[in-house]
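Have a look at start09.txt below; it lists compact mmCIF, C-alpha atoms.
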# COMPACT_ATOMS: atom_id res chain seq x y z
CA MET A 1 3.14 21.09 -61.56
CA SER A 2 -0.29 20.47 -62.99
CA TYR A 3 -2.45 17.94 -64.80
CA HIS A 4 -3.85 18.82 -68.23
CA PHE A 5 -7.43 17.72 -68.09
CA ASN A 6 -10.38 18.61 -70.35
CA GLY A 7 -8.49 21.61 -71.68
CA ALA A 8 -7.76 22.98 -68.21
CA ASP A 9 -4.70 22.92 -65.96
CA ILE A 10 -5.40 21.32 -62.57
CA ALA A 11 -2.70 22.42 -60.14
CA SER A 12 -0.75 19.92 -58.07
CA ASP A 13 2.24 20.11 -55.75
CA GLU A 14 5.72 19.08 -56.87
CA GLU A 15 4.97 15.43 -56.06
CA GLY A 16 1.71 15.36 -58.01
CA TYR A 17 -0.84 15.65 -55.19
CA LEU A 18 -3.78 17.90 -56.08
CA THR A 19 -3.65 21.32 -54.41
CA ASP A 20 -7.43 21.72 -54.50
CA LEU A 21 -9.08 18.41 -53.72
CA SER A 22 -12.52 19.71 -54.68
CA LEU A 23 -11.38 19.57 -58.33
CA TRP A 24 -11.07 15.78 -58.21
CA ASN A 25 -13.29 13.54 -60.32
CA PRO A 26 -13.03 9.91 -61.44
CA GLU A 27 -11.77 10.82 -64.93
CA LEU A 28 -9.00 12.95 -63.44
CA ALA A 29 -8.16 10.00 -61.20
CA LEU A 30 -7.59 7.88 -64.29
CA LEU A 31 -5.19 10.50 -65.62
CA ILE A 32 -3.25 10.67 -62.34
CA ALA A 33 -3.15 6.87 -62.26
CA LYS A 34 -1.73 6.80 -65.78
CA ASP A 35 1.08 9.11 -64.64
CA GLU A 36 1.72 6.61 -61.85
CA LYS A 37 1.72 3.80 -64.44
CA ILE A 38 -1.28 2.18 -62.82
CA GLU A 39 -4.21 0.77 -64.73
CA MET A 40 -7.25 1.16 -62.52
CA SER A 41 -9.16 -2.08 -61.82
CA ASP A 42 -12.19 -2.56 -59.56
CA GLU A 43 -9.76 -3.51 -56.79
CA HIS A 44 -7.86 -0.24 -57.21
CA TRP A 45 -11.12 1.71 -57.07
CA GLU A 46 -12.14 -0.08 -53.88
CA VAL A 47 -9.07 1.29 -52.14
CA VAL A 48 -9.31 4.75 -53.70
CA ASN A 49 -12.98 5.08 -52.83
CA PHE A 50 -12.31 3.87 -49.31
CA LEU A 51 -9.63 6.54 -48.86
CA ARG A 52 -12.02 9.22 -50.07
CA GLU A 53 -14.68 8.08 -47.60
CA TYR A 54 -12.13 8.05 -44.79
CA TYR A 55 -10.99 11.56 -45.68
CA ASP A 56 -14.56 12.78 -45.91
CA GLU A 57 -15.24 11.55 -42.39
CA TYR A 58 -11.96 12.39 -40.63
CA GLN A 59 -10.35 15.10 -42.83
CA ILE A 60 -7.15 13.13 -42.93
CA ALA A 61 -5.48 10.63 -45.24
CA PRO A 62 -4.77 7.60 -43.05
CA ALA A 63 -1.28 6.22 -42.46
CA ILE A 64 -0.70 2.84 -44.07
CA ARG A 65 -1.00 0.99 -40.74
CA VAL A 66 -4.37 2.61 -40.15
CA LEU A 67 -5.46 1.98 -43.73
CA THR A 68 -4.77 -1.77 -43.55
CA LYS A 69 -6.58 -2.04 -40.22
CA ALA A 70 -9.64 -0.18 -41.49
CA LEU A 71 -9.71 -2.06 -44.81
CA LYS A 72 -9.58 -5.36 -42.98
CA LYS A 73 -12.71 -4.40 -41.12
CA LYS A 74 -14.49 -3.37 -44.31
CA LEU A 75 -13.24 -5.72 -47.02
CA GLY A 76 -11.77 -8.64 -45.09
CA GLU A 77 -8.36 -10.18 -44.49
CA GLU A 78 -7.30 -10.96 -48.08
CA LYS A 79 -8.01 -7.44 -49.35
CA SER A 80 -6.17 -5.59 -46.63
CA SER A 81 -2.70 -7.11 -46.38
CA ASN A 82 0.39 -5.04 -47.10
CA LYS A 83 1.24 -7.49 -49.84
CA TYR A 84 -2.13 -7.08 -51.53
CA LEU A 85 -1.93 -3.30 -51.35
CA TYR A 86 1.63 -3.18 -52.67
CA GLU A 87 0.61 -5.35 -55.60
CA LEU A 88 -2.05 -2.79 -56.47
CA PHE A 89 0.13 0.24 -55.73
CA PRO A 90 3.79 -0.81 -56.07
CA TYR A 91 5.28 2.55 -55.04
CA GLY A 92 3.44 2.67 -51.74
CA PRO A 93 -0.30 2.22 -51.29
CA ALA A 94 -0.75 5.21 -49.00
CA LYS A 95 1.22 7.54 -51.27
CA GLN A 96 -0.01 6.39 -54.68
CA ALA A 97 -3.62 5.62 -53.78
CA CYS A 98 -3.98 8.96 -51.97
CA LYS A 99 -2.57 10.79 -54.98
CA ILE A 100 -5.06 9.07 -57.29
CA ALA A 101 -7.85 9.76 -54.81
CA GLY A 102 -7.01 13.46 -54.96
CA LEU A 103 -6.05 13.58 -51.28
CA PRO A 104 -3.02 15.15 -49.63
CA LYS A 105 -0.01 13.01 -48.81
CA PRO A 106 -0.77 11.01 -45.65
CA THR A 107 0.38 12.63 -42.43
CA GLY A 108 3.42 10.81 -41.15
CA CYS A 109 4.16 9.26 -44.53
CA VAL A 110 7.86 9.74 -45.22
CA MET B 1 8.64 -3.22 -25.10
CA SER B 2 11.14 -1.91 -22.59
CA ASP B 3 12.01 1.34 -24.37
CA THR B 4 8.42 2.60 -24.49
CA LYS B 5 8.13 6.07 -23.04
CA ARG B 6 5.10 7.89 -21.73
CA PHE B 7 4.35 10.91 -23.92
CA LEU B 8 1.82 13.56 -22.95
CA TYR B 9 0.81 16.24 -25.45
CA VAL B 10 -0.59 19.24 -23.60
CA ASN B 11 -3.04 21.41 -25.55
CA ARG B 12 -3.79 24.82 -24.06
CA LYS B 13 -4.90 27.00 -26.98
CA ALA B 14 -8.15 27.47 -28.89
CA PRO B 15 -8.18 25.55 -32.18
CA HIS B 16 -8.32 27.87 -35.19
CA GLY B 17 -6.83 31.27 -34.34
CA THR B 18 -3.29 29.93 -34.20
CA VAL B 19 -1.64 26.88 -35.68
CA TYR B 20 -0.76 25.26 -32.31
CA ALA B 21 -3.73 22.88 -32.09
CA LEU B 22 -3.31 21.56 -35.63
CA GLU B 23 0.47 21.22 -35.23
CA SER B 24 -0.02 19.31 -32.00
CA LEU B 25 -2.51 16.95 -33.64
CA GLU B 26 -0.16 16.31 -36.56
CA VAL B 27 2.75 15.57 -34.25
CA VAL B 28 0.54 13.15 -32.31
CA LEU B 29 -0.46 11.34 -35.51
CA ILE B 30 3.12 11.13 -36.74
CA GLY B 31 4.39 10.08 -33.31
CA ALA B 32 1.72 7.38 -33.08
CA ALA B 33 3.70 5.35 -35.62
CA PHE B 34 6.48 4.87 -33.06
CA GLU B 35 4.32 2.83 -30.68
CA GLN B 36 4.88 4.87 -27.56
CA ASP B 37 2.43 5.30 -24.70
CA VAL B 38 0.65 8.45 -25.89
CA SER B 39 -1.95 10.56 -24.13
CA LEU B 40 -3.35 14.03 -24.72
CA ALA B 41 -4.31 16.69 -22.20
CA PHE B 42 -6.72 19.54 -22.89
CA LEU B 43 -6.75 22.47 -20.52
CA ASP B 44 -7.25 26.25 -20.51
CA ASP B 45 -8.58 27.32 -23.95
CA GLY B 46 -7.38 23.97 -25.28
CA VAL B 47 -10.70 22.45 -24.20
CA PHE B 48 -12.30 24.32 -27.13
CA GLN B 49 -10.44 21.97 -29.50
CA LEU B 50 -12.84 19.16 -28.60
CA VAL B 51 -16.07 21.15 -28.77
CA LYS B 52 -18.50 19.43 -31.13
CA LYS B 53 -20.00 20.86 -34.33
CA GLN B 54 -17.20 23.29 -35.10
CA VAL B 55 -17.77 25.23 -38.33
CA THR B 56 -14.84 27.07 -39.89
CA THR B 57 -16.27 28.15 -43.23
CA GLY B 58 -16.64 31.74 -42.03
CA ILE B 59 -12.93 32.11 -41.29
CA GLY B 60 -11.66 30.28 -44.36
CA VAL B 61 -9.55 27.60 -42.69
CA LYS B 62 -9.80 23.84 -42.87
CA ASN B 63 -11.86 22.30 -40.07
CA PHE B 64 -9.58 19.61 -38.65
CA ALA B 65 -11.87 18.87 -35.67
CA PRO B 66 -13.15 15.60 -37.23
CA THR B 67 -9.57 14.32 -37.20
CA TYR B 68 -9.64 13.94 -33.39
CA ARG B 69 -12.17 11.17 -33.98
CA ALA B 70 -9.54 9.26 -35.99
CA LEU B 71 -7.15 9.10 -33.01
CA GLY B 72 -8.57 5.74 -31.95
CA ASP B 73 -7.48 4.26 -35.29
CA TYR B 74 -3.96 5.43 -34.44
CA ASP B 75 -4.11 3.69 -31.04
CA VAL B 76 -4.25 6.99 -29.18
CA LYS B 77 -6.83 6.20 -26.54
CA LYS B 78 -6.37 8.64 -23.67
CA LEU B 79 -7.68 12.19 -23.92
CA TYR B 80 -7.76 13.94 -20.54
CA VAL B 81 -9.87 17.09 -20.30
CA GLU B 82 -9.58 19.33 -17.26
CA ARG B 83 -12.88 19.81 -15.45
CA GLU B 84 -12.06 23.29 -14.13
CA SER B 85 -11.07 24.57 -17.58
CA LEU B 86 -14.42 23.41 -18.96
CA ALA B 87 -16.37 25.01 -16.11
CA GLU B 88 -14.50 28.33 -16.37
CA ARG B 89 -15.63 28.53 -20.00
CA GLY B 90 -19.23 27.55 -19.35
CA LEU B 91 -18.74 24.15 -20.97
CA THR B 92 -19.69 20.65 -19.86
CA GLU B 93 -18.85 17.17 -21.10
CA ASP B 94 -22.01 17.32 -23.25
CA ASP B 95 -20.45 20.11 -25.33
CA LEU B 96 -17.58 17.85 -26.40
CA MET B 97 -17.47 15.64 -29.48
CA GLU B 98 -17.42 11.87 -29.18
CA VAL B 99 -13.96 10.38 -29.48
CA THR B 100 -13.85 6.61 -29.20
CA HIS B 101 -11.52 3.68 -29.60
CA GLU B 102 -12.02 -0.07 -29.79
CA ASN B 103 -11.35 -1.98 -26.59
CA ASP B 104 -10.08 -5.56 -26.47
CA ASP B 105 -13.65 -6.85 -26.91
CA GLU B 106 -13.99 -4.79 -30.13
CA GLU B 107 -16.49 -2.44 -28.50
CA ASP B 108 -16.28 1.32 -29.09
CA VAL B 109 -15.60 3.08 -25.81
CA SER B 110 -14.99 6.75 -25.08
CA SER B 111 -11.40 7.98 -25.12
CA ILE B 112 -12.27 11.18 -23.28
CA GLU B 113 -11.83 11.33 -19.53
CA ILE B 114 -12.75 14.43 -17.55
CA VAL B 115 -10.27 14.93 -14.72
CA ASP B 116 -9.89 17.60 -12.07
CA ARG B 117 -6.86 19.86 -11.79
CA ALA B 118 -5.18 17.83 -9.06
CA ARG B 119 -5.50 14.61 -11.07
CA MET B 120 -4.17 16.41 -14.16
CA ALA B 121 -1.08 17.39 -12.18
CA GLN B 122 -0.57 13.73 -11.20
CA ILE B 123 -0.95 12.64 -14.82
CA MET B 124 1.68 15.18 -15.91
CA ALA B 125 4.05 14.13 -13.15
CA ALA B 126 3.83 10.49 -14.27
CA GLN B 127 5.12 11.18 -17.82
CA ASP B 128 8.57 10.68 -19.33
CA VAL B 129 8.00 13.40 -21.92
CA VAL B 130 5.58 16.35 -21.81
CA LEU B 131 5.15 18.42 -24.97
CA SER B 132 3.23 21.64 -24.57
CA PHE B 133 1.33 23.34 -27.40
Produce structure tokens that represent the structure in this file.
Amino acid sequence: MSYHFNGADIASDEEGYLTDLSLWNPELALLIAKDEKIEMSDEHWEVVNFLREYYDEYQIAPAIRVLTKALKKKLGEEKSSNKYLYELFPYGPAKQACKIAGLPKPTGCV
Amino acid sequence: MSDTKRFLYVNRKAPHGTVYALESLEVVLIGAAFEQDVSLAFLDDGVFQLVKKQVTTGIGVKNFAPTYRALGDYDVKKLYVERESLAERGLTEDDLMEVTHENDDEEDVSSIEIVDRARMAQIMAAQDVVLSF
């Protein structure tokens, strides 16, 4: 699989996660989001950017339990609940947000 | 919870030449979701896994060393490192990266405990499950 972006093919795995995360950029994120039927709002970007920062520091995409805990610390209670995250990313915040962020599928995410 | 078991993951190999260290770490992270009592042991060449400032660009593999620092987020709070293994390799505690977790007072405290060989044997004997990598 691949994404057609600016006249180039950006490779992804069969589930749509980028194979080379260095090729990610915000415009490509919008394209991936569109495939996921998600219109990116500021709230979506908050989560996506947070995931990228987490990956940059720990070289891992966090499991959903870890994501909610870390978001609570950074953004507060109302922006870290499972409910809030599922409203933003209906097919699984860890899966969809990581895909849009250009990260691998979270370890332990089944 | 009454069905909680004590799991010890034993790491005995250097980090990047084989896949054992990374596989062990991934199993730990996946297993952490099941809320068991998890601890990690580092002995023999396994102590190299926690050495700070690892750089893997020269050998073309991903550097997963920073991921050990995420273990606290996964509620994995006990990393036992064998004192003799460090000494035999010319290493001390100062050569190891910082791995911390939050205690009940929301303070970051070290997850790494240096233990001698005899204590390591006691720790192993006290487990329900020992997985060796």
Item to complete: Can you work out the spacing between CA of Lys34 in chain A and CA of Leu67 in chain A in Å, to one decimal?
Response: 22.9 Å
Worksheet item: In Å, how far is it from CA of Leu50 in chain B to CA of Leu96 in chain B?
Response: 5.4 Å
Worksheet item: Which residues come within 10 Å of Lys37 in chain A, counting only C-alpha atoms, excluding same-chain residues fewer than 5 positions away, as a PyMOL selection string?
Response: chain A and resi 31-32+89-90
Discussion item. Just to confirm, what's the straight-line distance from CA of Glu82 in chain B to CA of Arg117 in chain B in Å (one decimal)?
Written reply: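 According to the coordinates, CA of Glu82 in chain B and CA of Arg117 in chain B are separated by 6.1 Å.
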Worksheet item: Leaving out Ser80 in chain A and any residue of its chain fewer than 4 positions from it, which residues lie within 7 Å of it when counting only C-alpha atoms, given as a list of chain:residue names?
Response: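 With the cut-off at 7 Å, the set is A:Thr68, A:Leu71, A:Lys72, A:Gly76, A:Tyr84, A:Leu85.
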Write out as a tab-separated table the residues of range 1-90 of chain A that have any atom within 6 Å of an atom of range 94-99 of chain A, one row each with the nearest atom pair and its distance in Å to one decimal, counting all atoms listed in the file, sorted by chain and then rising number.
residue	atom	partner	partner_atom	distance
A:Tyr17	CA	A:Lys99	CA	5.2
A:Val48	CA	A:Ala97	CA	5.8
A:Ile64	CA	A:Ala94	CA	5.5
Worksheet item: Which residues of chain B are close to chain A, meaning at most 10 Å apart when you count only C-alpha atoms, and how do they look as a list of chain:residue names?
Response: B:Glu26, B:Val27, B:Val28, B:Leu29, B:Ile30, B:Gly31, B:Ala32, B:Ala33, B:Lys62, B:Asn63, B:Phe64, B:Ala65, B:Pro66, B:Thr67, B:Tyr68, B:Arg69, B:Ala70, B:Leu71, B:Gly72, B:Asp73, B:Tyr74, B:Asp75
Item to complete: Could you give me, as a count of residues only, the residues within 9 Å of Asp44 in chain B, counting all atoms listed in the file and dropping anything in the same chain fewer than 5 positions from it?
Response: 10
Worksheet item: Looking at B:Ile114, B:Leu43, B:Ile123, B:Val38, which one is nearest to Ala21 in chain B, with distances taken over all atoms listed in the file?
Response: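 Between B:Ile114, B:Leu43, B:Ile123, B:Val38, the residue approaching Ala21 in chain B most closely is B:Leu43.
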Worksheet entry | Contacts of Leu79 in chain B within 6 Å, only C-alpha atoms, excl. fewer than 3 positions in-chain, as a list in words | Ser39, Leu40, Ala41, Ser111 and Ile112 of chain B
Worksheet entry | Selected residue of minimal separation from Leu91 in chain B among B:Asp105, B:Lys52, B:Gln122, B:Lys78, counting all atoms listed in the file | B:Lys52
Return the padded bounding box of range 49-66 of chain A as lines of an AutoDock Vina configuration file: axis-aligned, built from all atoms listed in the file, 5 Å added on each side, with centre and edge lengths in Å to one decimal.
center_x = -8.0
center_y = 8.0
center_z = -46.5
size_x = 24.5
size_y = 24.1
size_z = 22.7
Worksheet item: For Glu113 in chain B, which residue among B:Gln127, B:Glu98, B:Gly58, B:Phe7 is the nearest when counting only C-alpha atoms?
Response: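 Closest to Glu113 in chain B, using only C-alpha atoms: B:Glu98.
Residues with at least one atom no more than 12 Å from (-4.2, 10.8, -66.6), using all atoms listed in the file, are Ser2, Tyr3, His4, Phe5, Asn6, Ile10, Gly16, Trp24, Asn25, Pro26, Glu27, Leu28, Ala29, Leu30, Leu31, Ile32, Ala33, Lys34, Asp35, Glu36, Lys37, Ile38, Glu39, Met40, Lys99 and Ile100 of chain A.
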Worksheet item: If we count only C-alpha atoms, what is near Gln36 in chain B at a cut-off of 7 Å, once residues fewer than 6 positions away on the same chain are taken out, given as a VMD selection string?
Response: chain B and resid 4 to 6
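Among the candidates B:Leu131, B:Pro15, B:Glu107, B:Met124, the residue lying nearest to Thr56 in chain B is B:Pro15 (atoms considered: only C-alpha atoms).
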